[in-house]
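Engineer: Contents are mmCIF, N, CA and C atoms; file name entry16.cif:
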```
data_structure
loop_
_atom_site.label_atom_id
_atom_site.label_comp_id
_atom_site.auth_asym_id
_atom_site.auth_seq_id
_atom_site.Cartn_x
_atom_site.Cartn_y
_atom_site.Cartn_z
N MET A 1 0.85 -1.18 0.00
CA MET A 1 0.00 0.00 0.00
C MET A 1 0.90 1.24 0.00
N THR A 2 0.66 2.17 -0.90
CA THR A 2 1.44 3.38 -1.01
C THR A 2 0.65 4.55 -0.42
N MET A 3 1.31 5.30 0.45
CA MET A 3 0.66 6.49 1.01
C MET A 3 0.96 7.68 0.12
N LYS A 4 -0.02 8.50 -0.10
CA LYS A 4 0.15 9.70 -0.90
C LYS A 4 0.67 10.82 0.00
N ASN A 5 1.67 11.56 -0.49
CA ASN A 5 2.18 12.68 0.29
C ASN A 5 1.11 13.76 0.41
N PRO A 6 1.12 14.48 1.54
CA PRO A 6 0.18 15.61 1.66
C PRO A 6 0.50 16.66 0.60
N PRO A 7 -0.48 17.44 0.16
CA PRO A 7 -0.25 18.40 -0.92
C PRO A 7 0.81 19.45 -0.60
N TRP A 8 1.02 19.77 0.67
CA TRP A 8 2.01 20.78 1.03
C TRP A 8 3.44 20.25 0.99
N LEU A 9 3.61 18.93 0.83
CA LEU A 9 4.95 18.34 0.78
C LEU A 9 5.46 18.28 -0.66
N ALA A 10 5.51 19.46 -1.28
CA ALA A 10 6.02 19.61 -2.64
C ALA A 10 6.65 20.99 -2.72
N LEU A 11 7.71 21.10 -3.47
CA LEU A 11 8.42 22.36 -3.59
C LEU A 11 7.49 23.44 -4.16
N LEU A 12 7.44 24.58 -3.49
CA LEU A 12 6.67 25.76 -3.87
C LEU A 12 5.16 25.57 -3.78
N ALA A 13 4.73 24.49 -3.14
CA ALA A 13 3.28 24.25 -2.96
C ALA A 13 2.73 25.25 -1.95
N PRO A 14 1.43 25.57 -2.04
CA PRO A 14 0.82 26.45 -1.03
C PRO A 14 0.98 25.87 0.37
N LEU A 15 1.04 26.75 1.35
CA LEU A 15 1.16 26.32 2.74
C LEU A 15 -0.18 25.82 3.26
N PRO A 16 -0.15 24.87 4.20
CA PRO A 16 -1.41 24.48 4.83
C PRO A 16 -1.92 25.64 5.68
N ALA A 17 -3.21 25.68 5.91
CA ALA A 17 -3.81 26.78 6.66
C ALA A 17 -3.27 26.86 8.09
N GLU A 18 -2.90 25.74 8.65
CA GLU A 18 -2.37 25.73 10.01
C GLU A 18 -1.46 24.53 10.17
N GLY A 19 -0.82 24.46 11.32
CA GLY A 19 0.05 23.34 11.61
C GLY A 19 1.51 23.68 11.34
N GLY A 20 2.34 22.76 11.71
CA GLY A 20 3.77 22.95 11.55
C GLY A 20 4.38 23.61 12.78
N GLU A 21 5.68 23.62 12.80
CA GLU A 21 6.44 24.23 13.89
C GLU A 21 6.90 25.61 13.43
N TRP A 22 6.45 26.67 14.09
CA TRP A 22 6.70 28.05 13.69
C TRP A 22 7.76 28.68 14.59
N HIS A 23 8.76 29.31 13.98
CA HIS A 23 9.78 30.05 14.72
C HIS A 23 9.84 31.46 14.13
N GLN A 24 9.89 32.45 14.99
CA GLN A 24 9.96 33.84 14.55
C GLN A 24 10.84 34.60 15.52
N GLU A 25 11.77 35.38 14.97
CA GLU A 25 12.67 36.15 15.82
C GLU A 25 13.01 37.47 15.15
N THR A 26 13.07 38.52 15.95
CA THR A 26 13.54 39.82 15.47
C THR A 26 15.03 39.88 15.73
N ARG A 27 15.78 40.12 14.67
CA ARG A 27 17.24 40.13 14.76
C ARG A 27 17.73 41.38 15.46
N THR A 28 18.78 41.22 16.25
CA THR A 28 19.36 42.34 16.98
C THR A 28 20.82 42.60 16.60
N ASP A 29 21.42 41.70 15.80
CA ASP A 29 22.80 41.92 15.39
C ASP A 29 22.86 43.15 14.49
N PRO A 30 23.96 43.92 14.55
CA PRO A 30 24.01 45.21 13.85
C PRO A 30 23.66 45.16 12.35
N ALA A 31 24.10 44.14 11.63
CA ALA A 31 23.86 44.10 10.18
C ALA A 31 22.38 43.89 9.84
N LEU A 32 21.63 43.25 10.72
CA LEU A 32 20.23 42.92 10.43
C LEU A 32 19.28 43.44 11.50
N LYS A 33 19.67 44.44 12.24
CA LYS A 33 18.86 44.96 13.34
C LYS A 33 17.46 45.33 12.84
N GLY A 34 16.45 44.78 13.51
CA GLY A 34 15.06 45.07 13.16
C GLY A 34 14.46 44.13 12.12
N TRP A 35 15.28 43.31 11.46
CA TRP A 35 14.76 42.35 10.49
C TRP A 35 14.09 41.21 11.25
N THR A 36 13.08 40.60 10.63
CA THR A 36 12.39 39.46 11.21
C THR A 36 12.76 38.22 10.42
N GLN A 37 13.18 37.20 11.14
CA GLN A 37 13.52 35.92 10.54
C GLN A 37 12.44 34.93 10.94
N VAL A 38 11.87 34.21 9.96
CA VAL A 38 10.83 33.22 10.24
C VAL A 38 11.22 31.88 9.63
N ARG A 39 10.71 30.82 10.27
CA ARG A 39 10.94 29.47 9.77
C ARG A 39 9.71 28.64 10.09
N LEU A 40 9.24 27.90 9.11
CA LEU A 40 8.11 26.99 9.28
C LEU A 40 8.59 25.59 8.90
N ILE A 41 8.42 24.66 9.83
CA ILE A 41 8.85 23.28 9.60
C ILE A 41 7.60 22.41 9.55
N LEU A 42 7.46 21.69 8.45
CA LEU A 42 6.31 20.82 8.22
C LEU A 42 6.80 19.39 8.01
N GLY A 43 6.05 18.43 8.50
CA GLY A 43 6.41 17.03 8.29
C GLY A 43 7.08 16.45 9.52
N ASP A 44 7.30 15.15 9.44
CA ASP A 44 7.84 14.43 10.59
C ASP A 44 9.30 14.04 10.41
N GLY A 45 9.89 14.35 9.27
CA GLY A 45 11.28 13.99 9.03
C GLY A 45 11.48 12.54 8.63
N VAL A 46 10.44 11.71 8.78
CA VAL A 46 10.54 10.31 8.41
C VAL A 46 9.92 10.11 7.02
N THR A 47 8.66 10.51 6.87
CA THR A 47 7.99 10.36 5.58
C THR A 47 8.27 11.54 4.67
N GLY A 48 8.78 12.62 5.21
CA GLY A 48 9.12 13.80 4.42
C GLY A 48 9.20 15.02 5.32
N LEU A 49 9.91 16.01 4.85
CA LEU A 49 10.13 17.21 5.63
C LEU A 49 10.14 18.41 4.68
N ARG A 50 9.56 19.51 5.14
CA ARG A 50 9.58 20.76 4.38
C ARG A 50 9.95 21.87 5.34
N ILE A 51 10.94 22.66 4.95
CA ILE A 51 11.39 23.78 5.78
C ILE A 51 11.35 25.04 4.92
N LEU A 52 10.59 26.02 5.38
CA LEU A 52 10.49 27.31 4.70
C LEU A 52 11.11 28.36 5.59
N THR A 53 11.92 29.23 5.01
CA THR A 53 12.54 30.31 5.78
C THR A 53 12.39 31.61 5.00
N ALA A 54 12.35 32.70 5.74
CA ALA A 54 12.29 34.02 5.09
C ALA A 54 12.83 35.06 6.06
N MET A 55 13.34 36.14 5.47
CA MET A 55 13.78 37.31 6.22
C MET A 55 13.00 38.50 5.70
N PHE A 56 12.50 39.33 6.63
CA PHE A 56 11.74 40.53 6.27
C PHE A 56 12.42 41.73 6.89
N ASP A 57 12.54 42.81 6.11
CA ASP A 57 13.16 44.03 6.64
C ASP A 57 12.21 44.70 7.64
N PRO A 58 12.66 45.74 8.32
CA PRO A 58 11.80 46.37 9.33
C PRO A 58 10.47 46.89 8.79
N GLU A 59 10.37 47.15 7.47
CA GLU A 59 9.11 47.60 6.88
C GLU A 59 8.24 46.42 6.42
N GLY A 60 8.73 45.19 6.60
CA GLY A 60 7.95 44.01 6.22
C GLY A 60 8.19 43.51 4.81
N ARG A 61 9.14 44.11 4.09
CA ARG A 61 9.45 43.64 2.73
C ARG A 61 10.35 42.42 2.80
N PRO A 62 10.12 41.41 1.93
CA PRO A 62 10.97 40.23 1.96
C PRO A 62 12.37 40.55 1.45
N GLY A 63 13.37 40.02 2.13
CA GLY A 63 14.77 40.15 1.70
C GLY A 63 15.31 38.84 1.19
N SER A 64 14.78 37.73 1.70
CA SER A 64 15.15 36.40 1.22
C SER A 64 14.05 35.42 1.56
N VAL A 65 14.01 34.33 0.79
CA VAL A 65 13.02 33.28 1.03
C VAL A 65 13.58 31.97 0.48
N SER A 66 13.30 30.88 1.17
CA SER A 66 13.72 29.57 0.66
C SER A 66 12.69 28.51 1.04
N ASP A 67 12.66 27.48 0.22
CA ASP A 67 11.74 26.36 0.40
C ASP A 67 12.56 25.09 0.16
N LEU A 68 12.57 24.19 1.13
CA LEU A 68 13.32 22.94 1.02
C LEU A 68 12.38 21.79 1.33
N ILE A 69 12.43 20.76 0.50
CA ILE A 69 11.73 19.51 0.80
C ILE A 69 12.77 18.40 0.80
N ALA A 70 12.58 17.43 1.68
CA ALA A 70 13.54 16.33 1.80
C ALA A 70 12.81 15.03 2.07
N TRP A 71 13.35 13.95 1.51
CA TRP A 71 12.87 12.58 1.74
C TRP A 71 14.08 11.70 1.98
N ASP A 72 13.81 10.47 2.31
CA ASP A 72 14.86 9.47 2.50
C ASP A 72 15.93 9.95 3.47
N GLY A 73 15.48 10.49 4.62
CA GLY A 73 16.43 10.95 5.62
C GLY A 73 17.34 12.07 5.13
N GLY A 74 16.87 12.83 4.16
CA GLY A 74 17.65 13.96 3.62
C GLY A 74 18.53 13.60 2.44
N ARG A 75 18.54 12.33 2.03
CA ARG A 75 19.38 11.95 0.88
C ARG A 75 18.83 12.54 -0.42
N HIS A 76 17.54 12.77 -0.48
CA HIS A 76 16.94 13.43 -1.65
C HIS A 76 16.34 14.74 -1.18
N GLN A 77 16.81 15.84 -1.80
CA GLN A 77 16.31 17.16 -1.44
C GLN A 77 16.10 18.01 -2.68
N GLU A 78 15.11 18.86 -2.60
CA GLU A 78 14.91 19.91 -3.60
C GLU A 78 14.79 21.22 -2.84
N THR A 79 15.48 22.24 -3.34
CA THR A 79 15.47 23.54 -2.69
C THR A 79 15.34 24.64 -3.73
N ALA A 80 14.55 25.63 -3.42
CA ALA A 80 14.48 26.86 -4.21
C ALA A 80 14.64 28.00 -3.22
N GLY A 81 15.54 28.91 -3.51
CA GLY A 81 15.71 30.01 -2.58
C GLY A 81 16.58 31.10 -3.14
N GLY A 82 16.46 32.27 -2.53
CA GLY A 82 17.30 33.36 -2.98
C GLY A 82 16.97 34.67 -2.30
N ARG A 83 17.62 35.68 -2.80
CA ARG A 83 17.51 37.04 -2.27
C ARG A 83 16.54 37.85 -3.13
N ILE A 84 15.75 38.68 -2.47
CA ILE A 84 14.85 39.58 -3.18
C ILE A 84 15.36 40.99 -2.92
N GLU A 85 15.74 41.67 -3.98
CA GLU A 85 16.28 43.02 -3.88
C GLU A 85 15.18 44.03 -3.57
N PRO A 86 15.53 45.18 -3.01
CA PRO A 86 14.50 46.20 -2.72
C PRO A 86 13.70 46.62 -3.95
N ASP A 87 14.30 46.53 -5.15
CA ASP A 87 13.57 46.90 -6.37
C ASP A 87 12.73 45.74 -6.92
N GLY A 88 12.72 44.59 -6.19
CA GLY A 88 11.90 43.46 -6.60
C GLY A 88 12.62 42.39 -7.38
N ARG A 89 13.82 42.69 -7.89
CA ARG A 89 14.57 41.66 -8.62
C ARG A 89 14.90 40.51 -7.68
N MET A 90 14.94 39.30 -8.24
CA MET A 90 15.25 38.13 -7.44
C MET A 90 16.50 37.45 -7.98
N HIS A 91 17.38 37.06 -7.07
CA HIS A 91 18.57 36.28 -7.40
C HIS A 91 18.40 34.95 -6.68
N ALA A 92 17.99 33.92 -7.42
CA ALA A 92 17.60 32.67 -6.77
C ALA A 92 18.08 31.46 -7.56
N THR A 93 18.16 30.33 -6.87
CA THR A 93 18.67 29.09 -7.44
C THR A 93 17.80 27.92 -7.00
N TYR A 94 17.68 26.93 -7.88
CA TYR A 94 17.07 25.64 -7.57
C TYR A 94 18.22 24.66 -7.38
N TRP A 95 18.15 23.84 -6.35
CA TRP A 95 19.15 22.79 -6.11
C TRP A 95 18.43 21.46 -6.00
N LEU A 96 18.95 20.46 -6.70
CA LEU A 96 18.51 19.08 -6.56
C LEU A 96 19.67 18.31 -5.94
N THR A 97 19.41 17.67 -4.83
CA THR A 97 20.42 16.84 -4.18
C THR A 97 19.90 15.42 -4.17
N ASP A 98 20.68 14.53 -4.75
CA ASP A 98 20.34 13.11 -4.77
C ASP A 98 21.58 12.36 -4.32
N GLY A 99 21.58 11.98 -3.03
CA GLY A 99 22.77 11.35 -2.46
C GLY A 99 23.91 12.35 -2.44
N GLU A 100 25.00 12.01 -3.10
CA GLU A 100 26.18 12.88 -3.14
C GLU A 100 26.17 13.82 -4.34
N GLN A 101 25.18 13.72 -5.21
CA GLN A 101 25.12 14.56 -6.41
C GLN A 101 24.28 15.80 -6.13
N HIS A 102 24.86 16.98 -6.41
CA HIS A 102 24.20 18.27 -6.19
C HIS A 102 24.13 19.00 -7.53
N THR A 103 22.92 19.32 -7.97
CA THR A 103 22.73 19.94 -9.27
C THR A 103 21.98 21.26 -9.12
N PRO A 104 22.67 22.40 -9.38
CA PRO A 104 22.00 23.70 -9.32
C PRO A 104 21.55 24.15 -10.71
N ARG A 105 20.57 25.04 -10.72
CA ARG A 105 20.16 25.73 -11.95
C ARG A 105 19.44 27.00 -11.55
N ALA A 106 19.30 27.91 -12.50
CA ALA A 106 18.54 29.14 -12.25
C ALA A 106 17.06 28.80 -12.14
N LEU A 107 16.34 29.59 -11.38
CA LEU A 107 14.89 29.41 -11.28
C LEU A 107 14.21 29.90 -12.54
N THR A 108 13.09 29.27 -12.87
CA THR A 108 12.26 29.78 -13.94
C THR A 108 11.43 30.95 -13.40
N ALA A 109 10.83 31.72 -14.28
CA ALA A 109 9.96 32.82 -13.85
C ALA A 109 8.80 32.29 -13.01
N GLN A 110 8.26 31.13 -13.37
CA GLN A 110 7.16 30.54 -12.61
C GLN A 110 7.63 30.16 -11.20
N GLU A 111 8.83 29.61 -11.07
CA GLU A 111 9.36 29.26 -9.75
C GLU A 111 9.64 30.51 -8.91
N GLU A 112 10.13 31.57 -9.54
CA GLU A 112 10.31 32.83 -8.82
C GLU A 112 8.98 33.33 -8.28
N GLY A 113 7.93 33.22 -9.09
CA GLY A 113 6.59 33.61 -8.65
C GLY A 113 6.14 32.77 -7.46
N GLY A 114 6.46 31.49 -7.47
CA GLY A 114 6.12 30.62 -6.35
C GLY A 114 6.83 31.04 -5.07
N LEU A 115 8.10 31.40 -5.18
CA LEU A 115 8.83 31.89 -4.00
C LEU A 115 8.22 33.18 -3.48
N ARG A 116 7.85 34.07 -4.39
CA ARG A 116 7.23 35.33 -3.97
C ARG A 116 5.91 35.08 -3.23
N ARG A 117 5.11 34.14 -3.74
CA ARG A 117 3.84 33.80 -3.08
C ARG A 117 4.09 33.22 -1.69
N LEU A 118 5.13 32.39 -1.56
CA LEU A 118 5.44 31.83 -0.25
C LEU A 118 5.90 32.92 0.71
N ALA A 119 6.67 33.90 0.21
CA ALA A 119 7.10 35.01 1.07
C ALA A 119 5.87 35.76 1.61
N VAL A 120 4.89 36.00 0.75
CA VAL A 120 3.66 36.68 1.18
C VAL A 120 2.93 35.83 2.23
N ALA A 121 2.82 34.52 1.98
CA ALA A 121 2.13 33.64 2.92
C ALA A 121 2.84 33.59 4.27
N LEU A 122 4.17 33.56 4.27
CA LEU A 122 4.92 33.57 5.51
C LEU A 122 4.76 34.89 6.25
N ARG A 123 4.74 35.99 5.49
CA ARG A 123 4.55 37.30 6.11
C ARG A 123 3.18 37.39 6.77
N GLU A 124 2.17 36.83 6.12
CA GLU A 124 0.82 36.83 6.71
C GLU A 124 0.80 36.06 8.02
N ARG A 125 1.55 34.96 8.08
CA ARG A 125 1.61 34.19 9.34
C ARG A 125 2.29 35.00 10.43
N CYS A 126 3.25 35.86 10.05
CA CYS A 126 3.91 36.72 11.04
C CYS A 126 2.90 37.63 11.72
N LYS A 127 1.93 38.10 10.95
CA LYS A 127 0.95 39.06 11.45
C LYS A 127 -0.08 38.42 12.35
N SER A 128 -0.31 37.11 12.17
CA SER A 128 -1.38 36.46 12.96
C SER A 128 -0.88 35.93 14.28
#
```
So that I can check it, write out the structure of this file as structure tokens.
Structural biologist:
Amino acid sequence: MTMKNPPWLALLAPLPAEGGEWHQETRTDPALKGWTQVRLILGDGVTGLRILTAMFDPEGRPGSVSDLIAWDGGRHQETAGGRIEPDGRMHATYWLTDGEQHTPRALTAQEEGGLRRLAVALRERCKS
């Protein structure tokens, strides 16, 4: 019998309405003073794991965002993440890790849009 993964256990998939382990901290180190760092951890680490992270400047604008999914105890991973410039440009990369093989590539415009949507969703969770 094969279990189907939950819909949120896919790279750039929408976040579930609730659940997961939420971490939020306002940075105090001089370089990032006033920035908010958030992390949402979904999954049990056995059947799959998803970790989303983002940094928001003091005005609430995203500065970086990443989405990682992992299976097989982390031997298989997919990651999309990068920096969002104040003018909206994104510098981001997709990484596929399969055992010892690591394969990077530039994100597509659709994947960049997915990261932007996740940044908005994470920011909304900050407010609630």
Engineer: Which residues in region 18-107 of chain A does DSSP call strand (DSSP E or B)? List them as a JSON list (two decimals) with N, CA and C atoms, keeping the file's coordinate frame.
Structural biologist:
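File part12.json, as written:
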```json
[["chain", "number", "residue", "atom", "x", "y", "z"],
["A", 21, "GLU", "N", 5.68, 23.62, 12.80],
["A", 21, "GLU", "CA", 6.44, 24.23, 13.89],
["A", 21, "GLU", "C", 6.90, 25.61, 13.43],
["A", 22, "TRP", "N", 6.45, 26.67, 14.09],
["A", 22, "TRP", "CA", 6.70, 28.05, 13.69],
["A", 22, "TRP", "C", 7.76, 28.68, 14.59],
["A", 23, "HIS", "N", 8.76, 29.31, 13.98],
["A", 23, "HIS", "CA", 9.78, 30.05, 14.72],
["A", 23, "HIS", "C", 9.84, 31.46, 14.13],
["A", 24, "GLN", "N", 9.89, 32.45, 14.99],
["A", 24, "GLN", "CA", 9.96, 33.84, 14.55],
["A", 24, "GLN", "C", 10.84, 34.60, 15.52],
["A", 25, "GLU", "N", 11.77, 35.38, 14.97],
["A", 25, "GLU", "CA", 12.67, 36.15, 15.82],
["A", 25, "GLU", "C", 13.01, 37.47, 15.15],
["A", 26, "THR", "N", 13.07, 38.52, 15.95],
["A", 26, "THR", "CA", 13.54, 39.82, 15.47],
["A", 26, "THR", "C", 15.03, 39.88, 15.73],
["A", 36, "THR", "N", 13.08, 40.60, 10.63],
["A", 36, "THR", "CA", 12.39, 39.46, 11.21],
["A", 36, "THR", "C", 12.76, 38.22, 10.42],
["A", 37, "GLN", "N", 13.18, 37.20, 11.14],
["A", 37, "GLN", "CA", 13.52, 35.92, 10.54],
["A", 37, "GLN", "C", 12.44, 34.93, 10.94],
["A", 38, "VAL", "N", 11.87, 34.21, 9.96],
["A", 38, "VAL", "CA", 10.83, 33.22, 10.24],
["A", 38, "VAL", "C", 11.22, 31.88, 9.63],
["A", 39, "ARG", "N", 10.71, 30.82, 10.27],
["A", 39, "ARG", "CA", 10.94, 29.47, 9.77],
["A", 39, "ARG", "C", 9.71, 28.64, 10.09],
["A", 40, "LEU", "N", 9.24, 27.90, 9.11],
["A", 40, "LEU", "CA", 8.11, 26.99, 9.28],
["A", 40, "LEU", "C", 8.59, 25.59, 8.90],
["A", 41, "ILE", "N", 8.42, 24.66, 9.83],
["A", 41, "ILE", "CA", 8.85, 23.28, 9.60],
["A", 41, "ILE", "C", 7.60, 22.41, 9.55],
["A", 42, "LEU", "N", 7.46, 21.69, 8.45],
["A", 42, "LEU", "CA", 6.31, 20.82, 8.22],
["A", 42, "LEU", "C", 6.80, 19.39, 8.01],
["A", 43, "GLY", "N", 6.05, 18.43, 8.50],
["A", 43, "GLY", "CA", 6.41, 17.03, 8.29],
["A", 43, "GLY", "C", 7.08, 16.45, 9.52],
["A", 49, "LEU", "N", 9.91, 16.01, 4.85],
["A", 49, "LEU", "CA", 10.13, 17.21, 5.63],
["A", 49, "LEU", "C", 10.14, 18.41, 4.68],
["A", 50, "ARG", "N", 9.56, 19.51, 5.14],
["A", 50, "ARG", "CA", 9.58, 20.76, 4.38],
["A", 50, "ARG", "C", 9.95, 21.87, 5.34],
["A", 51, "ILE", "N", 10.94, 22.66, 4.95],
["A", 51, "ILE", "CA", 11.39, 23.78, 5.78],
["A", 51, "ILE", "C", 11.35, 25.04, 4.92],
["A", 52, "LEU", "N", 10.59, 26.02, 5.38],
["A", 52, "LEU", "CA", 10.49, 27.31, 4.70],
["A", 52, "LEU", "C", 11.11, 28.36, 5.59],
["A", 53, "THR", "N", 11.92, 29.23, 5.01],
["A", 53, "THR", "CA", 12.54, 30.31, 5.78],
["A", 53, "THR", "C", 12.39, 31.61, 5.00],
["A", 54, "ALA", "N", 12.35, 32.70, 5.74],
["A", 54, "ALA", "CA", 12.29, 34.02, 5.09],
["A", 54, "ALA", "C", 12.83, 35.06, 6.06],
["A", 55, "MET", "N", 13.34, 36.14, 5.47],
["A", 55, "MET", "CA", 13.78, 37.31, 6.22],
["A", 55, "MET", "C", 13.00, 38.50, 5.70],
["A", 56, "PHE", "N", 12.50, 39.33, 6.63],
["A", 56, "PHE", "CA", 11.74, 40.53, 6.27],
["A", 56, "PHE", "C", 12.42, 41.73, 6.89],
["A", 62, "PRO", "N", 10.12, 41.41, 1.93],
["A", 62, "PRO", "CA", 10.97, 40.23, 1.96],
["A", 62, "PRO", "C", 12.37, 40.55, 1.45],
["A", 63, "GLY", "N", 13.37, 40.02, 2.13],
["A", 63, "GLY", "CA", 14.77, 40.15, 1.70],
["A", 63, "GLY", "C", 15.31, 38.84, 1.19],
["A", 64, "SER", "N", 14.78, 37.73, 1.70],
["A", 64, "SER", "CA", 15.15, 36.40, 1.22],
["A", 64, "SER", "C", 14.05, 35.42, 1.56],
["A", 65, "VAL", "N", 14.01, 34.33, 0.79],
["A", 65, "VAL", "CA", 13.02, 33.28, 1.03],
["A", 65, "VAL", "C", 13.58, 31.97, 0.48],
["A", 66, "SER", "N", 13.30, 30.88, 1.17],
["A", 66, "SER", "CA", 13.72, 29.57, 0.66],
["A", 66, "SER", "C", 12.69, 28.51, 1.04],
["A", 67, "ASP", "N", 12.66, 27.48, 0.22],
["A", 67, "ASP", "CA", 11.74, 26.36, 0.40],
["A", 67, "ASP", "C", 12.56, 25.09, 0.16],
["A", 68, "LEU", "N", 12.57, 24.19, 1.13],
["A", 68, "LEU", "CA", 13.32, 22.94, 1.02],
["A", 68, "LEU", "C", 12.38, 21.79, 1.33],
["A", 69, "ILE", "N", 12.43, 20.76, 0.50],
["A", 69, "ILE", "CA", 11.73, 19.51, 0.80],
["A", 69, "ILE", "C", 12.77, 18.40, 0.80],
["A", 70, "ALA", "N", 12.58, 17.43, 1.68],
["A", 70, "ALA", "CA", 13.54, 16.33, 1.80],
["A", 70, "ALA", "C", 12.81, 15.03, 2.07],
["A", 71, "TRP", "N", 13.35, 13.95, 1.51],
["A", 71, "TRP", "CA", 12.87, 12.58, 1.74],
["A", 71, "TRP", "C", 14.08, 11.70, 1.98],
["A", 76, "HIS", "N", 17.54, 12.77, -0.48],
["A", 76, "HIS", "CA", 16.94, 13.43, -1.65],
["A", 76, "HIS", "C", 16.34, 14.74, -1.18],
["A", 77, "GLN", "N", 16.81, 15.84, -1.80],
["A", 77, "GLN", "CA", 16.31, 17.16, -1.44],
["A", 77, "GLN", "C", 16.10, 18.01, -2.68],
["A", 78, "GLU", "N", 15.11, 18.86, -2.60],
["A", 78, "GLU", "CA", 14.91, 19.91, -3.60],
["A", 78, "GLU", "C", 14.79, 21.22, -2.84],
["A", 79, "THR", "N", 15.48, 22.24, -3.34],
["A", 79, "THR", "CA", 15.47, 23.54, -2.69],
["A", 79, "THR", "C", 15.34, 24.64, -3.73],
["A", 80, "ALA", "N", 14.55, 25.63, -3.42],
["A", 80, "ALA", "CA", 14.48, 26.86, -4.21],
["A", 80, "ALA", "C", 14.64, 28.00, -3.22],
["A", 81, "GLY", "N", 15.54, 28.91, -3.51],
["A", 81, "GLY", "CA", 15.71, 30.01, -2.58],
["A", 81, "GLY", "C", 16.58, 31.10, -3.14],
["A", 82, "GLY", "N", 16.46, 32.27, -2.53],
["A", 82, "GLY", "CA", 17.30, 33.36, -2.98],
["A", 82, "GLY", "C", 16.97, 34.67, -2.30],
["A", 83, "ARG", "N", 17.62, 35.68, -2.80],
["A", 83, "ARG", "CA", 17.51, 37.04, -2.27],
["A", 83, "ARG", "C", 16.54, 37.85, -3.13],
["A", 84, "ILE", "N", 15.75, 38.68, -2.47],
["A", 84, "ILE", "CA", 14.85, 39.58, -3.18],
["A", 84, "ILE", "C", 15.36, 40.99, -2.92],
["A", 90, "MET", "N", 14.94, 39.30, -8.24],
["A", 90, "MET", "CA", 15.25, 38.13, -7.44],
["A", 90, "MET", "C", 16.50, 37.45, -7.98],
["A", 91, "HIS", "N", 17.38, 37.06, -7.07],
["A", 91, "HIS", "CA", 18.57, 36.28, -7.40],
["A", 91, "HIS", "C", 18.40, 34.95, -6.68],
["A", 92, "ALA", "N", 17.99, 33.92, -7.42],
["A", 92, "ALA", "CA", 17.60, 32.67, -6.77],
["A", 92, "ALA", "C", 18.08, 31.46, -7.56],
["A", 93, "THR", "N", 18.16, 30.33, -6.87],
["A", 93, "THR", "CA", 18.67, 29.09, -7.44],
["A", 93, "THR", "C", 17.80, 27.92, -7.00],
["A", 94, "TYR", "N", 17.68, 26.93, -7.88],
["A", 94, "TYR", "CA", 17.07, 25.64, -7.57],
["A", 94, "TYR", "C", 18.22, 24.66, -7.38],
["A", 95, "TRP", "N", 18.15, 23.84, -6.35],
["A", 95, "TRP", "CA", 19.15, 22.79, -6.11],
["A", 95, "TRP", "C", 18.43, 21.46, -6.00],
["A", 96, "LEU", "N", 18.95, 20.46, -6.70],
["A", 96, "LEU", "CA", 18.51, 19.08, -6.56],
["A", 96, "LEU", "C", 19.67, 18.31, -5.94],
["A", 97, "THR", "N", 19.41, 17.67, -4.83],
["A", 97, "THR", "CA", 20.42, 16.84, -4.18],
["A", 97, "THR", "C", 19.90, 15.42, -4.17],
["A", 98, "ASP", "N", 20.68, 14.53, -4.75],
["A", 98, "ASP", "CA", 20.34, 13.11, -4.77],
["A", 98, "ASP", "C", 21.58, 12.36, -4.32],
["A", 101, "GLN", "N", 25.18, 13.72, -5.21],
["A", 101, "GLN", "CA", 25.12, 14.56, -6.41],
["A", 101, "GLN", "C", 24.28, 15.80, -6.13],
["A", 102, "HIS", "N", 24.86, 16.98, -6.41],
["A", 102, "HIS", "CA", 24.20, 18.27, -6.19],
["A", 102, "HIS", "C", 24.13, 19.00, -7.53],
["A", 103, "THR", "N", 22.92, 19.32, -7.97],
["A", 103, "THR", "CA", 22.73, 19.94, -9.27],
["A", 103, "THR", "C", 21.98, 21.26, -9.12],
["A", 104, "PRO", "N", 22.67, 22.40, -9.38],
["A", 104, "PRO", "CA", 22.00, 23.70, -9.32],
["A", 104, "PRO", "C", 21.55, 24.15, -10.71],
["A", 105, "ARG", "N", 20.57, 25.04, -10.72],
["A", 105, "ARG", "CA", 20.16, 25.73, -11.95],
["A", 105, "ARG", "C", 19.44, 27.00, -11.55],
["A", 106, "ALA", "N", 19.30, 27.91, -12.50],
["A", 106, "ALA", "CA", 18.54, 29.14, -12.25],
["A", 106, "ALA", "C", 17.06, 28.80, -12.14]]
```
Engineer: Check which residues satisfy the PyMOL selection byres ((chain A and resi 92) around 7) in the file shown, then give them as a ChimeraX atom specification.
Structural biologist: /A:80-83,90-91,93-94,105-107
Engineer: Taking the file as shown, find all residues satisfying the PyMOL selection byres ((chain A and resi 11) around 7) and write them as a PyMOL selection string.
Structural biologist: chain A and resi 8-10+12-14+67-69+78+80
Engineer: Kindly indicate which residue among A:Arg117, A:Arg61, A:His102, A:Arg75 lies nearest to Gly88 (chain A), using only C-alpha atoms for the distances.
Structural biologist: A:Arg61
Engineer: To one decimal place, how far is CA of Trp71 (chain A) from CA of Arg50 (chain A) in Å?
Structural biologist: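 Between CA of Trp71 (chain A) and CA of Arg50 (chain A) the gap works out to 9.2 Å.
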Engineer: For the atom pair CA of His76 (chain A) and CA of Pro62 (chain A), what is the interatomic distance in Å to one decimal place?
Structural biologist: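 About the pair CA of His76 (chain A) and CA of Pro62 (chain A): they are 27.7 Å apart.
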Engineer: Could you tell me how far CA of Asn5 (chain A) sits from CA of Thr97 (chain A), in Å to one decimal place?
Structural biologist: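 One can read the CA of Thr97 (chain A) to CA of Asn5 (chain A) distance as 19.2 Å.
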